[in-house]
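Enquirer: One file: final24.cif (mmCIF, C-alpha atoms and all ligand atoms).
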```
data_work
loop_
_atom_site.label_atom_id
_atom_site.label_comp_id
_atom_site.auth_asym_id
_atom_site.auth_seq_id
_atom_site.Cartn_x
_atom_site.Cartn_y
_atom_site.Cartn_z
CA MET A 1 -37.60 3.58 -16.05
CA THR A 2 -39.26 5.52 -18.84
CA PRO A 3 -42.19 3.66 -20.45
CA ASP A 4 -40.62 3.57 -23.92
CA THR A 5 -37.38 1.86 -22.85
CA LYS A 6 -37.22 -1.86 -23.47
CA ARG A 7 -37.30 -4.08 -20.44
CA GLU A 8 -33.70 -4.56 -19.30
CA ARG A 9 -32.60 -8.10 -18.64
CA LEU A 10 -29.63 -7.02 -16.56
CA ALA A 11 -29.63 -4.78 -13.50
CA ILE A 12 -27.69 -1.81 -14.86
CA SER A 13 -26.86 1.23 -12.72
CA ARG A 14 -26.25 4.51 -14.52
CA PRO A 15 -23.70 7.21 -13.66
CA THR A 16 -25.36 9.87 -11.53
CA GLU A 17 -23.90 12.69 -9.44
CA GLY A 18 -24.96 12.22 -5.85
CA ALA A 19 -25.31 8.44 -6.28
CA ALA A 20 -24.55 8.08 -2.58
CA GLY A 21 -26.54 11.15 -1.54
CA LYS A 22 -25.16 14.55 -0.54
CA THR A 23 -22.17 13.27 1.39
CA GLY A 24 -21.44 16.76 2.74
CA THR A 25 -24.06 16.05 5.39
CA TRP A 26 -21.61 13.55 6.95
CA ARG A 27 -19.19 16.32 7.82
CA VAL A 28 -18.25 17.06 11.41
CA PHE A 29 -15.35 19.36 10.49
CA ARG A 30 -15.24 21.67 7.50
CA PRO A 31 -12.01 22.62 5.68
CA VAL A 32 -11.47 26.39 5.62
CA VAL A 33 -8.69 27.69 3.38
CA ASP A 34 -6.72 30.75 4.43
CA LYS A 35 -6.10 32.27 0.99
CA GLU A 36 -3.35 34.49 2.46
CA LYS A 37 -1.25 31.46 3.39
CA CYS A 38 -2.15 29.35 0.33
CA ASN A 39 0.47 29.30 -2.44
CA ALA A 40 -1.81 27.43 -4.87
CA CYS A 41 0.36 24.29 -4.98
CA GLY A 42 -2.74 22.16 -5.51
CA LEU A 43 -1.71 19.30 -3.22
CA CYS A 44 -5.03 19.47 -1.34
CA SER A 45 -6.85 18.85 -4.61
CA THR A 46 -4.37 16.10 -5.62
CA TYR A 47 -4.89 14.12 -2.43
CA CYS A 48 -8.65 14.55 -1.92
CA PRO A 49 -9.99 10.98 -2.28
CA ASP A 50 -13.34 12.31 -3.47
CA ALA A 51 -12.10 15.00 -5.86
CA ALA A 52 -14.11 17.55 -3.87
CA ILE A 53 -11.52 20.33 -4.42
CA ASP A 54 -11.55 21.71 -7.96
CA ALA A 55 -8.79 23.24 -10.08
CA GLU A 56 -9.54 26.69 -8.60
CA LEU A 57 -8.97 25.06 -5.19
CA ASP A 58 -12.55 25.65 -4.10
CA VAL A 59 -14.04 22.98 -1.85
CA ASP A 60 -17.41 21.56 -2.88
CA LEU A 61 -19.17 21.57 0.47
CA VAL A 62 -22.20 19.73 -0.91
CA PHE A 63 -20.01 16.62 -1.13
CA CYS A 64 -16.86 17.17 1.00
CA LYS A 65 -16.97 14.53 3.76
CA GLY A 66 -14.62 16.46 6.03
CA GLY A 67 -11.97 13.72 6.23
CA GLY A 68 -9.24 16.36 6.45
CA ILE A 69 -6.48 14.84 4.29
CA CYS A 70 -6.26 18.24 2.54
CA ALA A 71 -5.49 20.01 5.83
CA ASN A 72 -3.04 17.34 6.90
CA GLU A 73 -1.09 17.44 3.61
CA CYS A 74 -1.12 21.22 3.02
CA PRO A 75 2.57 22.23 3.20
CA LYS A 76 1.61 25.81 4.15
CA LYS A 77 -0.78 24.77 6.92
CA ALA A 78 -3.32 26.98 5.15
CA ILE A 79 -6.31 24.71 5.78
CA SER A 80 -7.95 24.44 9.16
CA MET A 81 -10.71 22.01 10.05
CA VAL A 82 -13.49 23.94 11.72
CA ARG A 83 -16.30 22.20 13.60
CA GLU A 84 -19.66 22.42 11.80
CA GLU A 85 -22.40 24.28 13.65
CA LYS A 86 -25.38 22.05 14.28
CA MET B 1 12.70 8.86 -15.69
CA ASP B 2 11.09 10.55 -12.73
CA THR B 3 9.49 13.39 -14.66
CA ILE B 4 6.19 14.58 -13.26
CA PRO B 5 3.49 13.18 -15.52
CA GLU B 6 0.75 15.33 -17.03
CA ILE B 7 -2.28 14.05 -15.13
CA PRO B 8 -5.61 14.56 -16.92
CA LYS B 9 -8.13 16.84 -15.19
CA GLU B 10 -10.99 14.48 -16.04
CA GLU B 11 -12.54 12.62 -13.15
CA TYR B 12 -14.19 9.26 -13.77
CA ILE B 13 -15.75 9.00 -10.33
CA LEU B 14 -18.68 11.36 -9.88
CA LYS B 15 -19.16 13.20 -6.61
CA CYS B 16 -19.36 11.25 -4.43
CA THR B 17 -19.10 7.60 -3.57
CA SER B 18 -20.23 6.25 -0.23
CA ALA B 19 -16.63 5.47 0.77
CA CYS B 20 -15.62 6.36 4.32
CA ALA B 21 -14.14 9.83 4.79
CA GLY B 22 -10.39 9.57 4.18
CA CYS B 23 -10.63 6.30 2.21
CA SER B 24 -7.40 5.81 0.24
CA ASP B 25 -8.92 3.11 -1.96
CA SER B 26 -11.02 5.93 -3.45
CA LEU B 27 -7.89 8.06 -3.88
CA ALA B 28 -6.11 5.20 -5.66
CA LEU B 29 -9.03 4.43 -7.95
CA ARG B 30 -9.30 8.12 -8.88
CA TYR B 31 -5.78 7.94 -10.35
CA VAL B 32 -6.17 4.45 -11.82
CA LEU B 33 -9.10 5.75 -13.89
CA LYS B 34 -7.33 8.99 -14.84
CA ALA B 35 -4.53 6.82 -16.26
CA ALA B 36 -6.85 4.32 -17.96
CA GLY B 37 -9.26 6.85 -19.46
CA PRO B 38 -12.81 6.38 -20.74
CA ASP B 39 -12.20 3.31 -22.94
CA THR B 40 -11.98 1.06 -19.91
CA VAL B 41 -14.07 -1.62 -18.24
CA LEU B 42 -13.61 -2.47 -14.58
CA VAL B 43 -14.32 -5.96 -13.31
CA VAL B 44 -14.99 -5.65 -9.59
CA PRO B 45 -15.70 -8.58 -7.26
CA ALA B 46 -17.27 -8.12 -3.82
CA CYS B 47 -15.19 -5.59 -1.83
CA CYS B 48 -15.45 -2.02 -0.57
CA THR B 49 -15.15 -0.80 -4.16
CA SER B 50 -18.25 -2.75 -5.20
CA VAL B 51 -20.16 -1.19 -2.33
CA ILE B 52 -19.03 2.41 -2.79
CA GLN B 53 -20.12 2.42 -6.45
CA GLY B 54 -23.55 3.46 -5.25
CA ILE B 55 -26.94 1.85 -4.96
CA TYR B 56 -28.91 0.53 -7.92
CA PRO B 57 -30.10 2.16 -10.19
CA ASN B 58 -27.38 4.80 -9.65
CA THR B 59 -23.60 4.61 -9.66
CA ALA B 60 -20.85 7.14 -9.04
CA PHE B 61 -18.50 5.38 -11.48
CA ASN B 62 -18.43 6.87 -14.96
CA VAL B 63 -16.85 3.87 -16.69
CA PRO B 64 -18.59 0.53 -17.22
CA VAL B 65 -18.22 -1.78 -14.24
CA TYR B 66 -19.00 -5.48 -14.21
CA ASN B 67 -19.69 -6.82 -10.72
CA ILE B 68 -18.93 -10.49 -10.31
CA ALA B 69 -18.56 -13.13 -7.62
CA PHE B 70 -15.27 -13.19 -5.72
CA ALA B 71 -13.72 -16.29 -7.24
CA SER B 72 -14.46 -15.30 -10.84
CA ALA B 73 -13.07 -11.79 -11.29
CA ALA B 74 -10.01 -12.76 -13.34
CA ALA B 75 -11.93 -15.44 -15.28
CA CYS B 76 -14.58 -12.86 -16.20
CA ALA B 77 -11.90 -10.35 -17.18
CA SER B 78 -10.24 -13.01 -19.35
CA GLY B 79 -13.39 -13.68 -21.31
CA MET B 80 -14.11 -9.99 -21.63
CA SER B 81 -10.63 -9.22 -22.89
CA ASN B 82 -10.78 -12.05 -25.46
CA ALA B 83 -14.16 -10.81 -26.67
CA PHE B 84 -12.89 -7.24 -27.06
CA ARG B 85 -9.76 -8.34 -28.90
CA ALA B 86 -11.78 -10.65 -31.18
CA ALA B 87 -13.94 -7.63 -32.04
CA GLY B 88 -10.78 -5.62 -32.81
CA LYS B 89 -11.22 -3.35 -29.79
CA LYS B 90 -8.38 -2.11 -27.59
CA THR B 91 -10.61 -1.39 -24.56
CA ASN B 92 -8.66 -1.66 -21.29
CA VAL B 93 -9.90 -4.50 -19.11
CA ILE B 94 -8.98 -3.92 -15.49
CA ALA B 95 -9.84 -6.35 -12.71
CA TYR B 96 -9.94 -4.26 -9.55
CA ALA B 97 -10.14 -6.32 -6.37
CA GLY B 98 -9.31 -6.17 -2.69
CA ASP B 99 -6.66 -8.15 -0.85
CA GLY B 100 -9.20 -10.70 0.38
CA GLY B 101 -10.50 -11.08 -3.17
CA THR B 102 -6.98 -11.42 -4.55
CA LEU B 103 -4.63 -13.06 -2.04
CA ASP B 104 -7.26 -15.46 -0.74
CA ILE B 105 -10.45 -15.96 -2.68
CA GLY B 106 -9.64 -15.00 -6.28
CA ILE B 107 -6.11 -16.38 -6.49
CA GLN B 108 -7.00 -19.47 -8.52
CA ALA B 109 -8.76 -17.62 -11.34
CA MET B 110 -6.05 -14.96 -11.28
CA SER B 111 -3.29 -17.54 -11.62
CA GLY B 112 -5.15 -19.10 -14.52
CA ALA B 113 -5.53 -15.79 -16.33
CA PHE B 114 -1.81 -15.03 -15.90
CA GLU B 115 -0.89 -18.49 -17.17
CA ARG B 116 -3.10 -18.06 -20.23
CA GLY B 117 -1.54 -14.70 -20.99
CA THR B 118 -4.81 -12.76 -20.83
CA ASP B 119 -4.38 -9.20 -22.08
CA PHE B 120 -5.54 -7.35 -18.97
CA LEU B 121 -4.42 -5.43 -15.91
CA TYR B 122 -5.13 -6.94 -12.52
CA ILE B 123 -5.06 -4.42 -9.68
CA CYS B 124 -5.17 -5.47 -6.06
CA TYR B 125 -5.80 -2.61 -3.66
CA ASP B 126 -4.64 -3.79 -0.30
CA ASN B 127 -6.22 -2.44 2.87
CA GLU B 128 -4.85 -5.51 4.62
CA ALA B 129 -8.17 -7.04 5.70
CA TYR B 130 -11.72 -7.86 4.61
CA GLY B 131 -12.82 -4.24 4.89
CA ASN B 132 -16.40 -4.10 3.80
CA THR B 133 -17.54 -6.95 6.02
CA GLY B 134 -16.00 -5.36 9.10
CA MET B 135 -12.24 -5.97 9.03
CA GLN B 136 -11.65 -9.68 9.32
CA ARG B 137 -8.07 -10.84 8.79
CA SER B 138 -6.98 -11.75 5.26
CA GLY B 139 -3.80 -13.19 3.75
CA GLY B 140 -2.80 -9.52 3.35
CA THR B 141 -3.05 -8.64 7.03
CA PRO B 142 0.45 -8.12 8.48
CA LEU B 143 1.83 -10.03 11.43
CA GLY B 144 0.75 -8.49 14.73
CA ALA B 145 -2.22 -6.51 13.39
CA ARG B 146 -5.50 -6.75 15.27
CA THR B 147 -8.59 -7.42 13.23
CA THR B 148 -12.03 -8.55 14.34
CA THR B 149 -10.92 -12.18 13.83
CA THR B 150 -7.42 -11.67 15.28
CA PRO B 151 -8.32 -9.68 18.40
CA THR B 152 -4.87 -10.17 19.95
CA GLY B 153 -2.93 -9.61 16.75
CA LYS B 154 -2.40 -11.80 13.68
CA THR B 155 0.00 -14.68 14.30
CA ASP B 156 0.81 -15.38 10.63
CA ASN B 157 2.87 -13.36 8.17
CA LYS B 158 1.51 -11.36 5.25
CA LYS B 159 1.33 -13.51 2.14
CA ASP B 160 3.80 -12.45 -0.56
CA ILE B 161 1.39 -12.21 -3.48
CA ASP B 162 3.95 -10.28 -5.56
CA ALA B 163 6.32 -13.25 -5.47
CA ILE B 164 3.44 -15.51 -6.54
CA ILE B 165 2.69 -13.19 -9.46
CA ALA B 166 6.40 -13.00 -10.34
CA ALA B 167 6.42 -16.80 -10.64
CA HIS B 168 4.02 -16.39 -13.60
CA ASP B 169 6.66 -14.21 -15.30
CA PRO B 170 4.29 -11.47 -16.53
CA PRO B 171 5.66 -8.74 -18.81
CA TYR B 172 5.03 -6.10 -16.14
CA GLN B 173 4.22 -5.96 -12.45
CA ALA B 174 4.51 -3.16 -9.93
CA THR B 175 3.75 -2.13 -6.41
CA ALA B 176 2.29 1.28 -5.61
CA CYS B 177 0.75 3.15 -2.72
CA ALA B 178 -2.26 5.44 -2.62
CA ALA B 179 -0.12 8.09 -0.90
CA TYR B 180 1.92 8.47 -4.12
CA PRO B 181 -0.76 9.14 -6.74
CA GLN B 182 1.66 10.42 -9.42
CA ASP B 183 3.73 7.25 -9.14
CA LEU B 184 0.55 5.15 -9.29
CA PHE B 185 -0.66 7.09 -12.35
CA LYS B 186 2.62 6.43 -14.15
CA LYS B 187 2.55 2.72 -13.33
CA VAL B 188 -1.03 2.21 -14.50
CA THR B 189 -0.30 4.14 -17.71
CA LYS B 190 2.72 1.93 -18.32
CA ALA B 191 0.99 -1.35 -17.43
CA LEU B 192 -1.70 -0.65 -20.01
CA THR B 193 0.88 -0.38 -22.82
CA PHE B 194 1.77 -4.09 -22.54
CA ARG B 195 0.00 -6.90 -24.39
CA GLY B 196 -0.53 -9.61 -21.84
CA PRO B 197 -1.26 -9.89 -18.15
CA THR B 198 0.04 -7.12 -15.89
CA PHE B 199 -0.33 -6.67 -12.15
CA ILE B 200 -0.26 -3.70 -9.77
CA HIS B 201 -0.45 -4.13 -6.01
CA ILE B 202 -1.51 -0.91 -4.27
CA LEU B 203 -1.21 -0.36 -0.54
CA ALA B 204 -4.41 1.44 0.50
CA PRO B 205 -4.44 2.68 4.12
CA CYS B 206 -7.94 2.44 5.61
CA PRO B 207 -8.89 4.70 8.56
CA PRO B 208 -11.57 2.53 10.22
CA GLY B 209 -9.71 -0.71 9.56
CA TRP B 210 -6.27 0.42 10.67
CA ARG B 211 -7.79 2.58 13.39
CA TYR B 212 -6.26 5.98 12.77
CA SER B 213 -8.08 9.26 12.19
CA THR B 214 -9.36 10.05 8.70
CA GLU B 215 -6.91 12.85 7.85
CA LYS B 216 -3.87 10.57 8.11
CA SER B 217 -4.34 8.26 5.10
CA VAL B 218 -1.64 9.83 2.92
CA GLU B 219 0.67 10.25 5.92
CA MET B 220 0.20 6.55 6.81
CA GLY B 221 1.01 5.42 3.27
CA LYS B 222 4.19 7.50 3.27
CA LEU B 223 5.24 6.10 6.66
CA ALA B 224 4.71 2.57 5.32
CA VAL B 225 7.12 3.29 2.47
CA LYS B 226 9.66 5.22 4.55
CA SER B 227 9.83 2.43 7.12
CA GLY B 228 10.31 -0.23 4.44
CA MET B 229 7.11 -1.99 5.51
CA TRP B 230 5.93 -1.33 1.94
CA VAL B 231 8.35 -1.24 -1.00
CA LEU B 232 7.71 0.56 -4.29
CA TYR B 233 9.11 -1.16 -7.36
CA GLU B 234 8.46 -2.26 -10.93
CA ARG B 235 9.48 -5.47 -12.64
CA GLU B 236 9.52 -5.21 -16.44
CA TYR B 237 10.34 -8.40 -18.37
CA GLY B 238 12.03 -9.65 -15.22
CA LYS B 239 14.12 -6.52 -14.65
CA LEU B 240 13.53 -5.01 -11.23
CA THR B 241 13.64 -1.25 -10.60
CA ILE B 242 13.14 -0.01 -7.05
CA GLY B 243 11.45 3.40 -6.71
CA ALA B 244 13.40 6.40 -5.39
CA GLN B 245 11.29 6.61 -2.21
CA SER B 246 12.07 2.99 -1.38
CA LYS B 247 15.75 3.36 -2.27
CA ALA B 248 15.88 6.03 0.44
CA ALA B 249 14.22 3.57 2.85
CA ILE B 250 16.82 0.92 1.99
CA LYS B 251 19.62 3.38 2.80
CA LYS B 252 18.04 4.69 5.96
CA PRO B 253 14.58 3.54 7.03
CA ILE B 254 12.64 5.49 9.62
CA PRO B 255 11.97 3.53 12.83
CA LEU B 256 9.20 0.98 12.28
CA GLU B 257 7.59 2.23 15.49
CA ASP B 258 6.83 5.55 13.75
CA TYR B 259 4.59 3.61 11.37
CA LEU B 260 3.03 1.27 13.95
CA ALA B 261 2.33 3.71 16.81
CA PRO B 262 -0.36 5.88 15.14
CA GLN B 263 -2.40 2.79 14.21
CA GLY B 264 -4.87 1.31 16.69
CA ARG B 265 -4.56 -2.10 15.01
CA PHE B 266 -1.00 -2.39 16.35
CA LYS B 267 -1.88 -1.19 19.84
CA GLY B 268 -0.22 -3.35 22.49
CA ILE B 269 1.86 -5.29 19.92
CA ASP B 270 4.55 -7.16 21.82
CA PRO B 271 8.22 -6.24 21.28
CA LYS B 272 9.10 -9.73 20.01
CA THR B 273 6.58 -9.37 17.18
CA VAL B 274 7.99 -5.94 16.34
CA ASP B 275 11.45 -7.53 16.15
CA ILE B 276 10.20 -10.22 13.77
CA LEU B 277 8.60 -7.54 11.60
CA LYS B 278 11.89 -5.61 11.56
CA GLN B 279 13.87 -8.70 10.60
CA ARG B 280 11.45 -9.51 7.81
CA ILE B 281 11.64 -5.94 6.49
CA ALA B 282 15.46 -6.02 6.50
CA LYS B 283 15.47 -9.39 4.74
CA ASN B 284 12.97 -8.25 2.12
CA LEU B 285 14.82 -4.99 1.40
CA ALA B 286 18.14 -6.86 1.08
CA LYS B 287 16.56 -9.43 -1.25
CA LEU B 288 15.06 -6.74 -3.51
CA ALA B 289 18.29 -4.68 -3.53
CA ALA B 290 20.26 -7.80 -4.53
CA GLU B 291 17.74 -8.64 -7.28
CA GLU B 292 17.95 -5.12 -8.65
CA ALA B 293 21.75 -5.20 -8.63
CA ALA B 294 21.73 -8.53 -10.49
CA SER B 295 19.08 -7.63 -13.07
C1 LIG A 301 -17.96 -16.08 -1.80
C2 LIG A 301 -18.21 -14.94 -0.88
N1 LIG A 301 -17.78 -15.02 0.40
C3 LIG A 301 -17.96 -13.96 1.23
C4 LIG A 301 -18.56 -12.82 0.80
C5 LIG A 301 -18.75 -11.66 1.76
N2 LIG A 301 -17.82 -10.59 1.46
C6 LIG A 301 -18.15 -9.55 0.68
S1 LIG A 301 -16.94 -8.41 0.53
C7 LIG A 301 -15.95 -9.26 1.59
C8 LIG A 301 -14.63 -8.69 1.98
C9 LIG A 301 -13.70 -8.40 0.86
O1 LIG A 301 -12.43 -8.08 1.31
P1 LIG A 301 -11.36 -7.49 0.33
O2 LIG A 301 -11.31 -8.29 -0.91
O3 LIG A 301 -10.07 -7.34 1.06
O4 LIG A 301 -11.95 -6.07 -0.07
P2 LIG A 301 -12.27 -4.84 0.92
O5 LIG A 301 -13.67 -5.03 1.40
O6 LIG A 301 -11.25 -4.87 2.02
O7 LIG A 301 -12.15 -3.63 0.06
C10 LIG A 301 -16.57 -10.44 2.02
C11 LIG A 301 -15.98 -11.40 2.95
C12 LIG A 301 -19.02 -12.78 -0.53
N3 LIG A 301 -19.58 -11.68 -1.05
N4 LIG A 301 -18.83 -13.86 -1.34
S1 LIG A 302 -2.36 22.38 -0.18
FE1 LIG A 302 -2.43 24.29 1.01
S2 LIG A 302 -1.00 25.67 -0.08
FE2 LIG A 302 -1.46 23.97 -1.47
S3 LIG A 302 -3.21 24.70 -2.71
FE3 LIG A 302 -4.09 23.56 -0.98
S4 LIG A 302 -4.48 25.13 0.57
FE4 LIG A 302 -3.08 26.04 -0.91
S1 LIG A 303 -13.49 0.42 5.07
FE1 LIG A 303 -11.53 1.27 4.43
S2 LIG A 303 -11.25 0.68 2.24
FE2 LIG A 303 -13.42 0.36 2.81
S3 LIG A 303 -14.47 2.27 2.16
FE3 LIG A 303 -13.89 2.51 4.34
S4 LIG A 303 -11.85 3.49 4.31
FE4 LIG A 303 -12.25 2.67 2.25
MG MG A 304 -9.32 -5.61 1.87
#
```
Write out the structure in this file as structure tokens.
Expert:
Amino acid sequence: MTPDTKRERLAISRPTEGAAGKTGTWRVFRPVVDKEKCNACGLCSTYCPDAAIDAELDVDLVFCKGGGICANECPKKAISMVREEK
Amino acid sequence: MDTIPEIPKEEYILKCTSACAGCSDSLALRYVLKAAGPDTVLVVPACCTSVIQGIYPNTAFNVPVYNIAFASAAACASGMSNAFRAAGKKTNVIAYAGDGGTLDIGIQAMSGAFERGTDFLYICYDNEAYGNTGMQRSGGTPLGARTTTTPTGKTDNKKDIDAIIAAHDPPYQATACAAYPQDLFKKVTKALTFRGPTFIHILAPCPPGWRYSTEKSVEMGKLAVKSGMWVLYEREYGKLTIGAQSKAAIKKPIPLEDYLAPQGRFKGIDPKTVDILKQRIAKNLAKLAAEEAAS
């Protein structure tokens, strides 16, 4: 809390990116898109629970948890889940 | 009617919540908030959603959220809605609660709010158990499903909360499923156009709770609908409309086993229980089809 803010009487959380940490560190498998096979339908981005695939269909690996719904739903089978190197 | 809606690009959940990988509650909430927009307050009782918000003093949710005790979510939302309307504000008030918080613990306050005609939307996302405390059975758990408190499978049927809501005769109620985000988006958008209490019941497949691997959440939701285990419909001023996906399931459902087999919670379910589930599905589909034909 900055010194000049009034004392808050309620516990208020504020919107912050990374509120739960960099969830990409959870990943065991990483989605890799084969741009040759991809027809840009956008379903991977539609179904990502964490909105980690943007409009350009790039995966944000800082936050992607590696759940793999994108790969499972891709009608072109263009996404493969590749094991992360430790 | 089934035109593909223009879904806003804006996200109201910042990257990322602490939800499990593959959580379909997160997927559902993403589209609920896209439909509701920034002039919205969520009232969230204890549940996975209240946990995944983030840890004080940070939150991943970019709309105001009021956390409240289980039994008071709808009562709190009622007061909030009245205060907004008295101040001339149209702010959407959405109570967003789990199945435990809705079918069991919050049902009294919810019934009261529907009786009083509170101008709000109550959403129950249903992962069919008390998820965030480790998957104990709830009124939403289906017959035969194993949970930590029903280790050999639940011996009671799933409570029909939609029929209970229908008895309050709200202007609008609907069912939805996280695997059909466009349909969910449309229903939330529509619900928020009514003055008065509206209700949406969302099936939200849960990988750790239902014991399937994380990539299958959307697949599992679709299998639930295709098998008739979950039915998509809307009831507007008493007139029932069954969704196209569920109409197909009424004509020709996929075998229930296709839905049960991939889920560890149904492992070892005995054939008699499967038969009872099948009979209940057939009865429910026939009842809804008859209601639609008559309304
Ligand atoms: C009065 C009360 N009883 C019990 C709890 C513990 N508790 C917190 S969340 C929860 C489970 C909620 O289940 P549900 O509403 O289905 O939401 P989910 O966690 O599945 O998303 C329980 C039992 C509590 N917070 N308050
Ligand atoms: S779902 Fe598959 S085909 Fe569609 S945009 Fe994503 S990677 Fe490309
Ligand atoms: S337990 Fe289930 S509903 Fe809760 S955060 Fe995990 S996947 Fe989502
Ligand atoms: Mg639950």
Enquirer: Could you pull out the residues sitting within 7 Å of ligand LIG 301 (chain A), using all atoms listed in the file, and write them as a CSV table (one decimal) with C-alpha atoms, in the frame of the given file?
Expert:
```
chain,number,residue,atom,x,y,z
B,46,ALA,CA,-17.3,-8.1,-3.8
B,47,CYS,CA,-15.2,-5.6,-1.8
B,48,CYS,CA,-15.4,-2.0,-0.6
B,49,THR,CA,-15.2,-0.8,-4.2
B,69,ALA,CA,-18.6,-13.1,-7.6
B,70,PHE,CA,-15.3,-13.2,-5.7
B,71,ALA,CA,-13.7,-16.3,-7.2
B,97,ALA,CA,-10.1,-6.3,-6.4
B,98,GLY,CA,-9.3,-6.2,-2.7
B,99,ASP,CA,-6.7,-8.2,-0.8
B,100,GLY,CA,-9.2,-10.7,0.4
B,101,GLY,CA,-10.5,-11.1,-3.2
B,102,THR,CA,-7.0,-11.4,-4.6
B,126,ASP,CA,-4.6,-3.8,-0.3
B,127,ASN,CA,-6.2,-2.4,2.9
B,128,GLU,CA,-4.8,-5.5,4.6
B,129,ALA,CA,-8.2,-7.0,5.7
B,130,TYR,CA,-11.7,-7.9,4.6
B,131,GLY,CA,-12.8,-4.2,4.9
B,132,ASN,CA,-16.4,-4.1,3.8
B,133,THR,CA,-17.5,-7.0,6.0
B,138,SER,CA,-7.0,-11.8,5.3
```
Enquirer: Output as a ChimeraX atom specification the set of chain A residues within 10 Å of chain B, with distances taken over only C-alpha atoms.
Expert: /A:1,11-24,26-27,46-52,54-55,60,62-73
Enquirer: How close does each residue of chain A get to ligand LIG 302 (chain A), giving the shortest atom pair and distance in Å to one decimal for every residue with an atom at most 8 Å away, counting all atoms listed in the file, sorted by chain and residue number, as JSON lines?
Expert:
```
{"residue": "A:Val33", "atom": "CA", "partner": "A:LIG302", "partner_atom": "S4", "distance": 5.7}
{"residue": "A:Asp34", "atom": "CA", "partner": "A:LIG302", "partner_atom": "S4", "distance": 7.2}
{"residue": "A:Lys35", "atom": "CA", "partner": "A:LIG302", "partner_atom": "FE4", "distance": 7.2}
{"residue": "A:Lys37", "atom": "CA", "partner": "A:LIG302", "partner_atom": "S2", "distance": 6.8}
{"residue": "A:Cys38", "atom": "CA", "partner": "A:LIG302", "partner_atom": "FE4", "distance": 3.7}
{"residue": "A:Asn39", "atom": "CA", "partner": "A:LIG302", "partner_atom": "S2", "distance": 4.6}
{"residue": "A:Ala40", "atom": "CA", "partner": "A:LIG302", "partner_atom": "S3", "distance": 3.8}
{"residue": "A:Cys41", "atom": "CA", "partner": "A:LIG302", "partner_atom": "FE2", "distance": 4.0}
{"residue": "A:Gly42", "atom": "CA", "partner": "A:LIG302", "partner_atom": "S3", "distance": 3.8}
{"residue": "A:Leu43", "atom": "CA", "partner": "A:LIG302", "partner_atom": "S1", "distance": 4.4}
{"residue": "A:Cys44", "atom": "CA", "partner": "A:LIG302", "partner_atom": "S1", "distance": 4.1}
{"residue": "A:Ser45", "atom": "CA", "partner": "A:LIG302", "partner_atom": "FE3", "distance": 6.6}
{"residue": "A:Leu57", "atom": "CA", "partner": "A:LIG302", "partner_atom": "S3", "distance": 6.3}
{"residue": "A:Cys70", "atom": "CA", "partner": "A:LIG302", "partner_atom": "S1", "distance": 6.3}
{"residue": "A:Ala71", "atom": "CA", "partner": "A:LIG302", "partner_atom": "FE1", "distance": 7.1}
{"residue": "A:Glu73", "atom": "CA", "partner": "A:LIG302", "partner_atom": "S1", "distance": 6.4}
{"residue": "A:Cys74", "atom": "CA", "partner": "A:LIG302", "partner_atom": "S1", "distance": 3.6}
{"residue": "A:Pro75", "atom": "CA", "partner": "A:LIG302", "partner_atom": "FE1", "distance": 5.8}
{"residue": "A:Lys76", "atom": "CA", "partner": "A:LIG302", "partner_atom": "S2", "distance": 5.0}
{"residue": "A:Lys77", "atom": "CA", "partner": "A:LIG302", "partner_atom": "FE1", "distance": 6.2}
{"residue": "A:Ala78", "atom": "CA", "partner": "A:LIG302", "partner_atom": "FE1", "distance": 5.0}
{"residue": "A:Ile79", "atom": "CA", "partner": "A:LIG302", "partner_atom": "S4", "distance": 5.5}
```
Enquirer: Could you tell me how far atom CA of B:Lys267 sits from atom CA of B:Gly228, in Å to one decimal place?
Expert: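 Atom CA of B:Lys267 lies 19.7 Å from atom CA of B:Gly228.
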Enquirer: Between atom CA of B:Ser81 and atom CA of B:Leu240, what is the distance, to one decimal in Å?
Expert: 27.2 Å
